[in-house]
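run_26.csv (CSV, C-alpha atoms)
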chain,number,residue,atom,x,y,z
A,1,MET,CA,0.0,0.0,0.0
A,2,ASN,CA,1.6,3.3,-1.1
A,3,SER,CA,1.4,6.6,0.7
A,4,PRO,CA,-0.3,9.5,-1.1
A,5,ALA,CA,2.1,11.4,-3.4
A,6,HIS,CA,1.4,15.0,-2.5
A,7,ASP,CA,4.6,17.1,-2.2
A,8,ASP,CA,3.4,18.7,1.0
A,9,PHE,CA,1.2,15.9,2.2
A,10,GLY,CA,3.5,14.9,4.9
A,11,ARG,CA,3.4,18.4,6.4
A,12,ASP,CA,-0.4,18.5,6.7
A,13,ALA,CA,-2.1,18.3,10.0
A,14,VAL,CA,-4.2,15.2,10.7
A,15,GLN,CA,-7.9,15.9,11.5
A,16,PRO,CA,-8.3,15.4,15.3
A,17,VAL,CA,-10.8,12.9,16.6
A,18,SER,CA,-12.7,13.9,19.8
A,19,TRP,CA,-13.1,11.6,22.7
A,20,PRO,CA,-15.5,10.5,24.1
A,21,ILE,CA,-17.8,10.3,21.2
A,22,ALA,CA,-21.1,12.1,21.7
A,23,ASP,CA,-23.3,10.1,19.3
A,24,ASP,CA,-27.1,9.6,19.3
A,25,SER,CA,-26.9,6.6,21.6
A,26,ILE,CA,-25.3,8.6,24.4
A,27,ARG,CA,-27.7,11.6,23.9
A,28,ASP,CA,-30.6,9.2,24.1
A,29,VAL,CA,-29.2,7.8,27.4
A,30,PHE,CA,-29.0,11.2,29.0
A,31,ALA,CA,-32.5,12.2,27.7
A,32,LYS,CA,-34.0,9.1,29.2
A,33,MET,CA,-32.2,9.6,32.6
A,34,LEU,CA,-33.4,13.2,32.7
A,35,SER,CA,-37.0,12.0,32.1
A,36,ASP,CA,-37.0,9.1,34.6
A,37,GLY,CA,-34.7,10.5,37.3
A,38,SER,CA,-32.5,7.4,37.4
A,39,TRP,CA,-29.4,9.5,37.1
A,40,GLY,CA,-29.8,10.6,40.7
A,41,ARG,CA,-30.7,7.4,42.4
A,42,TYR,CA,-28.6,5.2,44.7
A,43,HIS,CA,-30.2,2.1,43.1
A,44,GLY,CA,-31.7,1.8,39.7
A,45,PRO,CA,-31.7,-0.4,36.6
A,46,HIS,CA,-28.4,0.7,35.0
A,47,CYS,CA,-25.7,-0.8,37.3
A,48,GLU,CA,-27.5,-4.2,37.3
A,49,SER,CA,-27.9,-4.1,33.5
A,50,LEU,CA,-24.2,-3.3,33.1
A,51,GLN,CA,-23.1,-6.1,35.4
A,52,THR,CA,-25.2,-8.6,33.4
A,53,ALA,CA,-23.9,-7.2,30.1
A,54,LEU,CA,-20.2,-7.3,31.2
A,55,ALA,CA,-20.7,-10.9,32.5
A,56,ASP,CA,-22.1,-12.0,29.2
A,57,PHE,CA,-19.5,-10.2,27.2
A,58,HIS,CA,-16.6,-11.7,29.1
A,59,SER,CA,-18.3,-15.1,29.9
A,60,VAL,CA,-17.7,-14.7,33.7
A,61,GLU,CA,-19.9,-15.5,36.6
A,62,HIS,CA,-19.2,-12.4,38.8
A,63,VAL,CA,-18.9,-8.7,38.0
A,64,MET,CA,-18.3,-6.1,40.8
A,65,LEU,CA,-18.5,-2.5,39.6
A,66,CYS,CA,-16.3,0.1,41.3
A,67,SER,CA,-15.1,3.7,41.2
A,68,SER,CA,-12.0,3.4,39.0
A,69,GLY,CA,-9.5,1.0,37.4
A,70,THR,CA,-7.1,1.8,40.2
A,71,SER,CA,-9.7,0.7,42.8
A,72,ALA,CA,-10.4,-2.4,40.8
A,73,VAL,CA,-6.8,-3.4,41.1
A,74,GLU,CA,-6.8,-2.7,44.8
A,75,LEU,CA,-10.0,-4.8,45.3
A,76,ALA,CA,-8.4,-7.6,43.3
A,77,LEU,CA,-5.3,-7.5,45.6
A,78,ARG,CA,-7.6,-7.6,48.6
A,79,ALA,CA,-9.5,-10.5,47.2
A,80,ALA,CA,-6.1,-12.3,46.8
A,81,LYS,CA,-5.6,-11.6,50.6
A,82,VAL,CA,-2.5,-9.5,50.0
A,83,GLU,CA,-1.4,-8.2,53.4
A,84,PRO,CA,1.5,-6.3,55.0
A,85,GLY,CA,4.8,-8.2,54.5
A,86,ASP,CA,3.5,-10.0,51.4
A,87,GLU,CA,5.0,-9.7,47.9
A,88,VAL,CA,3.3,-9.0,44.6
A,89,ILE,CA,5.1,-9.6,41.3
A,90,LEU,CA,4.6,-7.3,38.3
A,91,ALA,CA,6.6,-6.1,35.3
A,92,ALA,CA,9.1,-3.3,35.8
A,93,TYR,CA,7.3,-1.6,32.9
A,94,ASP,CA,3.7,-1.2,34.0
A,95,TYR,CA,1.2,1.5,35.0
A,96,LYS,CA,2.5,3.2,38.2
A,97,ALA,CA,-0.8,2.9,40.0
A,98,ASN,CA,-0.4,-0.9,40.1
A,99,PHE,CA,2.9,-0.4,42.0
A,100,ALA,CA,1.3,2.1,44.3
A,101,ASN,CA,-1.6,-0.2,45.0
A,102,VAL,CA,0.8,-2.9,46.2
A,103,LEU,CA,2.6,-0.4,48.5
A,104,SER,CA,-0.8,0.9,49.9
A,105,LEU,CA,-1.5,-2.6,51.2
A,106,GLY,CA,1.8,-2.8,53.0
A,107,ALA,CA,3.2,-5.3,50.5
A,108,THR,CA,6.4,-5.2,48.5
A,109,PRO,CA,6.4,-5.0,44.7
A,110,VAL,CA,8.7,-7.5,43.1
A,111,LEU,CA,9.7,-6.2,39.6
A,112,VAL,CA,10.6,-8.6,36.7
A,113,ASP,CA,11.8,-7.8,33.2
A,114,THR,CA,9.6,-7.6,30.1
A,115,LEU,CA,9.9,-9.6,26.9
A,116,PRO,CA,12.5,-8.0,24.6
A,117,GLY,CA,11.1,-4.9,22.9
A,118,LEU,CA,7.6,-5.5,24.2
A,119,PRO,CA,5.7,-3.9,27.2
A,120,ILE,CA,4.6,-7.2,28.7
A,121,LEU,CA,5.9,-9.4,31.5
A,122,ASP,CA,8.4,-12.1,30.7
A,123,PRO,CA,7.1,-15.4,32.3
A,124,THR,CA,10.6,-16.9,32.3
A,125,GLN,CA,11.5,-14.3,34.9
A,126,LEU,CA,8.9,-15.6,37.4
A,127,PRO,CA,10.7,-18.6,39.0
A,128,ALA,CA,13.5,-16.4,40.2
A,129,ALA,CA,11.0,-13.8,41.6
A,130,PHE,CA,8.8,-16.3,43.6
A,131,SER,CA,9.3,-16.5,47.3
A,132,SER,CA,7.3,-17.8,50.3
A,133,LYS,CA,5.8,-14.3,50.6
A,134,THR,CA,4.4,-14.1,47.0
A,135,ARG,CA,0.6,-13.8,47.1
A,136,ALA,CA,-0.3,-12.4,43.6
A,137,ILE,CA,1.0,-11.5,40.2
A,138,ILE,CA,-0.3,-8.5,38.3
A,139,CYS,CA,-0.2,-9.3,34.6
A,140,SER,CA,-1.0,-6.4,32.3
A,141,HIS,CA,-2.0,-6.3,28.6
A,142,LEU,CA,-0.5,-3.0,27.4
A,143,HIS,CA,-0.3,-0.9,24.3
A,144,GLY,CA,-1.9,-3.4,21.9
A,145,SER,CA,0.2,-6.4,23.2
A,146,PHE,CA,-1.3,-9.4,25.0
A,147,ALA,CA,0.5,-10.6,28.1
A,148,ARG,CA,1.5,-14.3,28.2
A,149,ILE,CA,-1.3,-14.9,30.6
A,150,ASP,CA,-1.6,-18.6,30.1
A,151,GLU,CA,2.1,-19.2,30.9
A,152,VAL,CA,1.9,-16.9,33.9
A,153,ALA,CA,-1.2,-18.7,35.2
A,154,SER,CA,0.4,-22.1,34.8
A,155,LEU,CA,3.4,-21.1,36.8
A,156,ALA,CA,1.3,-19.4,39.5
A,157,ARG,CA,-1.2,-22.2,39.8
A,158,GLN,CA,1.6,-24.6,40.9
A,159,ARG,CA,2.2,-22.3,43.9
A,160,GLY,CA,-1.3,-21.2,44.8
A,161,ILE,CA,-0.6,-17.7,43.6
A,162,VAL,CA,-3.5,-15.5,42.4
A,163,VAL,CA,-3.1,-14.0,38.9
A,164,ILE,CA,-4.6,-10.5,38.5
A,165,GLU,CA,-5.2,-9.8,34.8
A,166,ASP,CA,-5.0,-6.1,34.2
A,167,ALA,CA,-7.2,-5.5,31.1
A,168,CYS,CA,-7.7,-1.8,31.7
A,169,GLN,CA,-6.2,-1.0,28.3
A,170,THR,CA,-7.8,-4.0,26.5
A,171,ALA,CA,-11.5,-3.7,26.8
A,172,GLY,CA,-13.0,-5.6,23.8
A,173,GLY,CA,-9.8,-7.5,23.1
A,174,THR,CA,-9.9,-11.3,22.5
A,175,LEU,CA,-6.9,-13.6,23.2
A,176,ASN,CA,-7.3,-17.0,21.6
A,177,GLY,CA,-11.0,-16.7,21.5
A,178,ARG,CA,-11.3,-15.5,25.2
A,179,ALA,CA,-12.2,-12.0,26.2
A,180,ALA,CA,-9.3,-10.1,27.8
A,181,GLY,CA,-10.0,-9.8,31.6
A,182,SER,CA,-11.6,-13.3,31.8
A,183,ILE,CA,-8.4,-15.4,31.7
A,184,GLY,CA,-6.6,-14.8,35.0
A,185,ASP,CA,-8.1,-15.7,38.4
A,186,ILE,CA,-9.4,-12.2,38.5
A,187,GLY,CA,-9.6,-9.5,35.9
A,188,VAL,CA,-9.9,-5.7,36.1
A,189,LEU,CA,-11.3,-3.1,33.8
A,190,SER,CA,-11.1,0.7,33.8
A,191,PHE,CA,-13.8,3.2,32.6
A,192,GLY,CA,-11.7,6.3,33.0
A,193,GLY,CA,-12.1,9.3,30.8
A,194,SER,CA,-9.7,8.3,28.2
A,195,LYS,CA,-10.5,4.6,28.1
A,196,LEU,CA,-12.1,2.5,25.3
A,197,LEU,CA,-15.2,2.3,27.5
A,198,THR,CA,-15.5,5.6,29.3
A,199,ALA,CA,-17.7,7.0,32.0
A,200,GLY,CA,-15.2,9.6,33.1
A,201,ARG,CA,-14.4,7.4,36.1
A,202,GLY,CA,-15.1,3.8,37.1
A,203,GLY,CA,-14.0,0.2,36.9
A,204,ALA,CA,-15.0,-3.4,37.3
A,205,VAL,CA,-13.6,-6.6,38.7
A,206,LEU,CA,-14.3,-9.9,36.9
A,207,THR,CA,-14.0,-13.4,38.1
A,208,ASN,CA,-15.4,-17.0,38.0
A,209,ASP,CA,-14.2,-17.6,41.5
A,210,ALA,CA,-17.1,-17.2,44.0
A,211,MET,CA,-14.7,-16.9,47.0
A,212,LEU,CA,-12.7,-14.0,45.4
A,213,ALA,CA,-16.0,-12.3,44.5
A,214,GLN,CA,-17.3,-12.7,48.0
A,215,ARG,CA,-14.2,-11.2,49.6
A,216,ILE,CA,-14.7,-8.1,47.5
A,217,ARG,CA,-18.3,-7.8,48.4
A,218,LEU,CA,-17.6,-8.1,52.1
A,219,TYR,CA,-14.9,-5.4,51.9
A,220,THR,CA,-16.9,-2.9,49.8
A,221,GLN,CA,-20.4,-3.3,51.3
A,222,ARG,CA,-20.6,-1.2,54.5
A,223,GLY,CA,-24.3,-0.3,54.7
A,224,ASN,CA,-23.6,1.3,51.3
A,225,ASP,CA,-21.1,0.7,48.6
A,226,ALA,CA,-17.7,2.1,49.6
A,227,TYR,CA,-16.4,2.0,46.0
A,228,PRO,CA,-19.5,2.9,43.9
A,229,LEU,CA,-20.1,3.3,40.2
A,230,SER,CA,-23.1,5.6,39.8
A,231,GLU,CA,-26.3,4.7,37.9
A,232,MET,CA,-25.5,7.6,35.5
A,233,GLN,CA,-22.0,6.1,34.7
A,234,ALA,CA,-23.4,2.7,34.2
A,235,ALA,CA,-26.1,4.0,31.8
A,236,VAL,CA,-23.6,5.7,29.5
A,237,LEU,CA,-21.4,2.6,29.4
A,238,LEU,CA,-24.1,0.2,28.2
A,239,PRO,CA,-24.4,1.6,24.6
A,240,GLN,CA,-20.6,1.8,24.4
A,241,LEU,CA,-20.3,-1.9,25.3
A,242,GLN,CA,-22.7,-2.7,22.5
A,243,GLN,CA,-20.6,-0.6,20.0
A,244,LEU,CA,-17.3,-2.0,21.3
A,245,PRO,CA,-16.9,-5.0,18.9
A,246,HIS,CA,-17.4,-2.7,15.9
A,247,ARG,CA,-15.0,-0.1,17.2
A,248,THR,CA,-12.4,-2.7,18.1
A,249,LYS,CA,-12.4,-4.1,14.6
A,250,LEU,CA,-12.2,-0.6,13.1
A,251,ARG,CA,-9.2,0.3,15.2
A,252,LEU,CA,-7.5,-3.0,14.2
A,253,THR,CA,-8.2,-2.3,10.5
A,254,ASN,CA,-6.7,1.2,10.8
A,255,VAL,CA,-3.6,-0.1,12.7
A,256,GLN,CA,-3.0,-2.6,9.9
A,257,ARG,CA,-3.4,0.1,7.3
A,258,LEU,CA,-1.0,2.4,9.2
A,259,LEU,CA,1.7,-0.2,9.7
A,260,GLN,CA,1.6,-1.3,6.1
A,261,GLN,CA,2.5,2.3,5.1
A,262,LEU,CA,5.3,3.1,7.5
A,263,ALA,CA,8.6,3.3,5.6
A,264,PRO,CA,11.3,0.7,6.3
A,265,ASP,CA,13.5,3.5,7.7
A,266,SER,CA,10.7,5.0,9.7
A,267,PRO,CA,11.8,6.3,13.1
A,268,LEU,CA,8.9,4.3,14.6
A,269,GLN,CA,8.9,0.5,14.6
A,270,ALA,CA,5.8,-1.3,16.0
A,271,ALA,CA,6.3,-2.8,19.4
A,272,ILE,CA,3.2,-5.1,19.4
A,273,ASP,CA,2.6,-8.8,19.9
A,274,PRO,CA,1.0,-10.5,18.2
A,275,SER,CA,1.7,-8.5,15.0
A,276,PRO,CA,-1.5,-6.9,13.8
A,277,LEU,CA,-0.5,-8.1,10.3
A,278,GLN,CA,-0.2,-11.8,11.4
A,279,LEU,CA,-3.1,-12.5,13.7
A,280,GLY,CA,-4.5,-15.8,14.6
A,281,ASN,CA,-7.6,-16.3,16.8
A,282,SER,CA,-6.9,-13.0,18.7
A,283,ILE,CA,-8.2,-9.5,18.3
A,284,PRO,CA,-6.1,-6.8,20.0
A,285,ALA,CA,-7.7,-3.7,21.5
A,286,PHE,CA,-5.6,-0.6,20.9
A,287,TYR,CA,-6.1,1.9,23.7
A,288,LYS,CA,-2.5,2.8,22.9
A,289,LEU,CA,-0.4,1.7,20.0
A,290,ALA,CA,3.3,1.2,20.9
A,291,PHE,CA,6.4,2.0,18.9
A,292,ARG,CA,10.1,1.8,19.5
A,293,TYR,CA,11.7,5.2,18.5
A,294,THR,CA,15.0,5.2,16.8
A,295,THR,CA,16.7,8.6,15.9
A,296,ARG,CA,17.5,8.7,12.2
A,297,ALA,CA,21.0,9.5,11.2
A,298,GLY,CA,21.4,13.3,11.1
A,299,SER,CA,18.0,13.9,12.6
A,300,LYS,CA,17.3,17.0,14.7
A,301,PHE,CA,14.8,15.0,16.8
A,302,ASP,CA,15.2,13.0,19.9
A,303,ARG,CA,12.2,11.0,21.3
A,304,GLU,CA,10.6,13.9,23.2
A,305,SER,CA,11.0,16.5,20.4
A,306,PHE,CA,9.7,14.0,17.8
A,307,CYS,CA,6.6,13.6,19.8
A,308,GLU,CA,6.2,17.3,20.3
A,309,GLU,CA,6.6,17.9,16.5
A,310,LEU,CA,3.9,15.2,15.7
A,311,ARG,CA,1.5,16.7,18.3
A,312,THR,CA,1.6,20.0,16.4
A,313,ARG,CA,0.0,18.0,13.5
A,314,ASN,CA,-2.7,16.7,15.8
A,315,ILE,CA,-1.1,13.3,16.1
A,316,PRO,CA,-1.4,12.2,19.8
A,317,LEU,CA,2.1,10.7,20.3
A,318,ASP,CA,3.7,10.7,23.7
A,319,SER,CA,6.6,9.0,25.5
A,320,ALA,CA,5.3,5.9,27.1
A,321,PHE,CA,5.3,4.9,30.8
A,322,PRO,CA,8.5,5.3,32.7
A,323,GLY,CA,10.1,2.1,34.1
A,324,LEU,CA,8.9,1.6,37.6
A,325,HIS,CA,12.4,0.9,38.8
A,326,ARG,CA,13.6,4.2,37.3
A,327,ILE,CA,11.1,6.4,39.2
A,328,HIS,CA,10.9,4.7,42.6
A,329,SER,CA,13.4,4.3,45.4
A,330,GLN,CA,15.1,0.9,45.4
A,331,ARG,CA,14.0,0.6,49.1
A,332,ARG,CA,10.4,0.3,47.9
A,333,PHE,CA,10.7,-2.8,45.7
A,334,ARG,CA,12.7,-6.0,45.1
A,335,THR,CA,14.1,-7.4,41.9
A,336,ALA,CA,15.2,-10.9,41.2
A,337,GLU,CA,17.2,-10.3,38.0
A,338,ASP,CA,18.5,-7.3,35.9
A,339,LEU,CA,15.9,-5.4,33.9
A,340,PRO,CA,17.6,-4.5,30.6
A,341,ASN,CA,14.4,-4.8,28.5
A,342,ALA,CA,12.4,-2.6,30.8
A,343,ASP,CA,15.3,-0.1,30.6
A,344,LEU,CA,15.1,0.1,26.8
A,345,LEU,CA,11.3,0.6,27.0
A,346,HIS,CA,11.8,3.4,29.5
A,347,GLU,CA,14.2,5.1,27.1
A,348,ASN,CA,12.7,4.4,23.6
A,349,LEU,CA,9.0,3.6,23.7
A,350,ILE,CA,6.3,5.9,22.2
A,351,THR,CA,2.6,5.4,22.3
A,352,LEU,CA,-0.2,6.6,19.9
A,353,HIS,CA,-3.5,7.3,21.7
A,354,HIS,CA,-6.5,5.5,20.4
A,355,PRO,CA,-9.1,8.2,19.1
A,356,ILE,CA,-7.3,8.7,15.9
A,357,LEU,CA,-7.6,5.0,15.1
A,358,LEU,CA,-11.4,5.6,14.6
A,359,ALA,CA,-10.6,8.1,11.7
A,360,ASP,CA,-11.4,7.4,8.1
A,361,ALA,CA,-8.9,5.8,5.7
A,362,LEU,CA,-7.8,9.1,4.3
A,363,GLU,CA,-6.7,10.4,7.7
A,364,ILE,CA,-4.8,7.1,8.4
A,365,ASP,CA,-3.0,7.6,5.1
A,366,LYS,CA,-2.2,11.1,6.1
A,367,LEU,CA,-1.0,9.9,9.5
A,368,ALA,CA,1.4,7.5,7.9
A,369,ALA,CA,2.7,10.1,5.5
A,370,VAL,CA,3.4,12.6,8.3
A,371,ILE,CA,5.3,10.0,10.3
A,372,ASN,CA,7.4,9.0,7.3
A,373,ALA,CA,8.2,12.6,6.5
A,374,THR,CA,9.2,13.6,10.0
A,375,GLY,CA,12.5,12.8,11.7

Any chance you could put this one into structure tokens?
Amino acid sequence: MNSPAHDDFGRDAVQPVSWPIADDSIRDVFAKMLSDGSWGRYHGPHCESLQTALADFHSVEHVMLCSSGTSAVELALRAAKVEPGDEVILAAYDYKANFANVLSLGATPVLVDTLPGLPILDPTQLPAAFSSKTRAIICSHLHGSFARIDEVASLARQRGIVVIEDACQTAGGTLNGRAAGSIGDIGVLSFGGSKLLTAGRGGAVLTNDAMLAQRIRLYTQRGNDAYPLSEMQAAVLLPQLQQLPHRTKLRLTNVQRLLQQLAPDSPLQAAIDPSPLQLGNSIPAFYKLAFRYTTRAGSKFDRESFCEELRTRNIPLDSAFPGLHRIHSQRRFRTAEDLPNADLLHENLITLHHPILLADALEIDKLAAVINATG
């Protein structure tokens, strides 16, 4: 697939895509809530309907709604009975709130390396990280890549360790025919303002384990719900969940189109597994799309200035997460091995934010042309 051949095409700005999308289905929800008053109730039909819809979508028995993805991870850790003095394993490249959640329970994060060039935990690092104090593993699907959740779960199961599947970036994704968030012992979703399913705030915990679900209910129900998702938030999530399969496929189609047009010497090389161009029975969800950045010979750009330049053309590129081991005191965590792959991600990874992946084909072509012409 060839890029458009306009002399100045690569210098044009890409048309921005707003998020969240205010379509007729969302307007209808607000109109109905205004009419029936359900937006202001403690208890109404929407949370229960959302729980049922999420359970059906993910093929799980138990869905607990909560106030954020961060609180969902906390509740999953509490369900795993993580207590002061325990240890929780996670990748050295991960969302910093996961690290903070472990610390907030008085436990110690144990950081392991990622797979080479990919923002996902390397399961071969786990045996060296296990100890008698290990209670849980947080295994995150990030930036369009699927974690090796089956390998992680197999190793954890032998030791009675709970696997928390962080699917906050992967709503709508399918790994080998199974919905992301339904594969670990307990899964977590986020409905934050930038997420693929958004209510401004909110989250959910998913599991087929009745004991884990009951521990969460016992912790959160205190005469009222201590970690609530409101009826109004649940109502706006329902139509988005119905639209999610279509939008997931559209984002995948546009990622495939973009990657086919990036030049061989592009400063951006996809850091995604499985490759969107060689998929089996899996459908990634692209909340963010990851690239490794390499400065071209003679380029005036480093990673930060490259992102700044692309943002002037309405292309939402940013430096990715920092390595957890690079931003926290070594007294706050333990490592079992060196972390060279996480170091490289810390230094070189860039992410493209998802709204642009719902643009039309012309805008995706323009996006590829701008990237190829910059740097």

Fill in: Close residues, Ile89 of chain A itself excluded, 9 Å, all atoms listed in the file, min 4 positions apart in chain, as a list in words
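These residues fall inside the cut-off: Thr108, Pro109, Val110, Leu111, Val112, Leu126, Ala129, Phe130, Thr134, Arg135, Ala136, Ile137, Ile138 and Cys139 of chain A.
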
Fill in: Test item: residues at most 9 Å from Leu105 of chain A, all atoms listed in the file, excluding those fewer than 6 positions along its chain, as an MDAnalysis selection string
chainID A and resid 74 77:78 82:84 86

Those residues with C-alpha atoms, as a compact mmCIF listing (two decimals), keeping the file's coordinate frame please?
# COMPACT_ATOMS: atom_id res chain seq x y z
CA GLU A 74 -6.80 -2.70 44.80
CA LEU A 77 -5.30 -7.50 45.60
CA ARG A 78 -7.60 -7.60 48.60
CA VAL A 82 -2.50 -9.50 50.00
CA GLU A 83 -1.40 -8.20 53.40
CA PRO A 84 1.50 -6.30 55.00
CA ASP A 86 3.50 -10.00 51.40

Fill in: Minimum-distance residue to Pro119 of chain A, chosen among A:Leu352, A:Leu65, A:Leu90, A:Ala290 (using all atoms listed in the file)
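Looking only at the distances to Pro119 of chain A, the closest residue turns out to be A:Ala290.
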
Practice prompt. Go through A:Ala79, A:Ala320, A:Ala373, A:Ala171 one by one, measure the shortest atom-to-atom distance of each to Ser299 of chain A using only C-alpha atoms, and give the residue with the smallest value.
Written response: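 Of A:Ala79, A:Ala320, A:Ala373, A:Ala171, the one nearest Ser299 of chain A, counting only C-alpha atoms, is A:Ala373.
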
Practice prompt. Could you please determine the separation between atom CA of Leu241 of chain A and atom CA of Asp318 of chain A in Å, to one decimal place?
Written response: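 Atom CA of Asp318 of chain A lies 27.2 Å from atom CA of Leu241 of chain A.
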
Worksheet item: With distances taken over all atoms listed in the file, which of A:Pro316, A:Gly181, A:Pro116, A:Gly172 is nearest to Ile350 of chain A?
Response: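 Distance minimum relative to Ile350 of chain A lands on A:Pro316.
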
Discussion item. Neighbouring residues of segment 219-229 of chain A were defined as those with any atom within 8 Å, considering only C-alpha atoms; residues of the same chain fewer than 6 positions away were excluded. Please report them as a ChimeraX atom specification.
Written reply: /A:47,65-67,71,202-203

Worksheet item: Which distance in Å separates atom CA of Val63 of chain A and atom CA of Ala204 of chain A, to one decimal?
Response: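 Taking atom CA of Val63 of chain A and atom CA of Ala204 of chain A, their separation equals 6.6 Å.
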
Worksheet, complete the sentence: From atom CA of Lys195 of chain A to atom CA of Ala97 of chain A the spacing works out at 15.4 Å

Practice prompt. Tell me, as a PyMOL selection string, which residues lie within 12 Å of His325 of chain A, counting all atoms listed in the file; anything in the same chain fewer than 2 positions away does not count.
Written response: chain A and resi 90-96+99+109-113+321-323+327-335+338-343+345-346

Worksheet entry | Given all atoms listed in the file as the counted atoms, nearest of A:Ser145, A:Cys168, A:Gly117, A:Glu231 to Leu349 of chain A |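 Once distances to Leu349 of chain A are computed over all atoms listed in the file, the minimum belongs to A:Gly117.
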
Item to complete: May I have the protein, DNA and RNA residues with an atom at most 6 Å from (-19.8, 5.9, 37.4), counting only C-alpha atoms in the file's coordinates, returned as a list in words?
Response: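 Within the cut-off we find Ala199, Arg201, Gly202, Leu229, Ser230, Gln233 and Ala234 of chain A.
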
Item to complete: Could you give me, as a list in words, the residues within 8 Å of Leu252 of chain A, counting all atoms listed in the file and dropping anything in the same chain fewer than 5 positions from it?
Response: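 Close residues of Leu252 of chain A: Pro276, Ile283, Pro284, Ala285 and Phe286 of chain A.
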
Practice prompt. Select all residues near (17.6, 7.3, 9.2) (cut-off 12 Å, inclusive, file coordinates), counting all atoms listed in the file, and output them as a list in words.
Written response: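 Those residues, ordered by chain and then number, are Ala263, Pro264, Asp265, Ser266, Pro267, Leu268, Tyr293, Thr294, Thr295, Arg296, Ala297, Gly298, Ser299, Lys300, Phe301, Asn372, Ala373, Thr374 and Gly375 of chain A.
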
Discussion item. Taking all atoms listed in the file into account, name the residue in A:Pro127, A:Ala22, A:Ile371, A:Thr174 that is nearest to Phe57 of chain A.
Written reply: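 Result for the nearest residue to Phe57 of chain A: A:Thr174.
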
Worksheet item: Pick the closest to Thr248 of chain A from A:Gly184, A:Pro355, A:Gly106, A:Pro45: which is it, counting only C-alpha atoms?
Response: A:Pro355
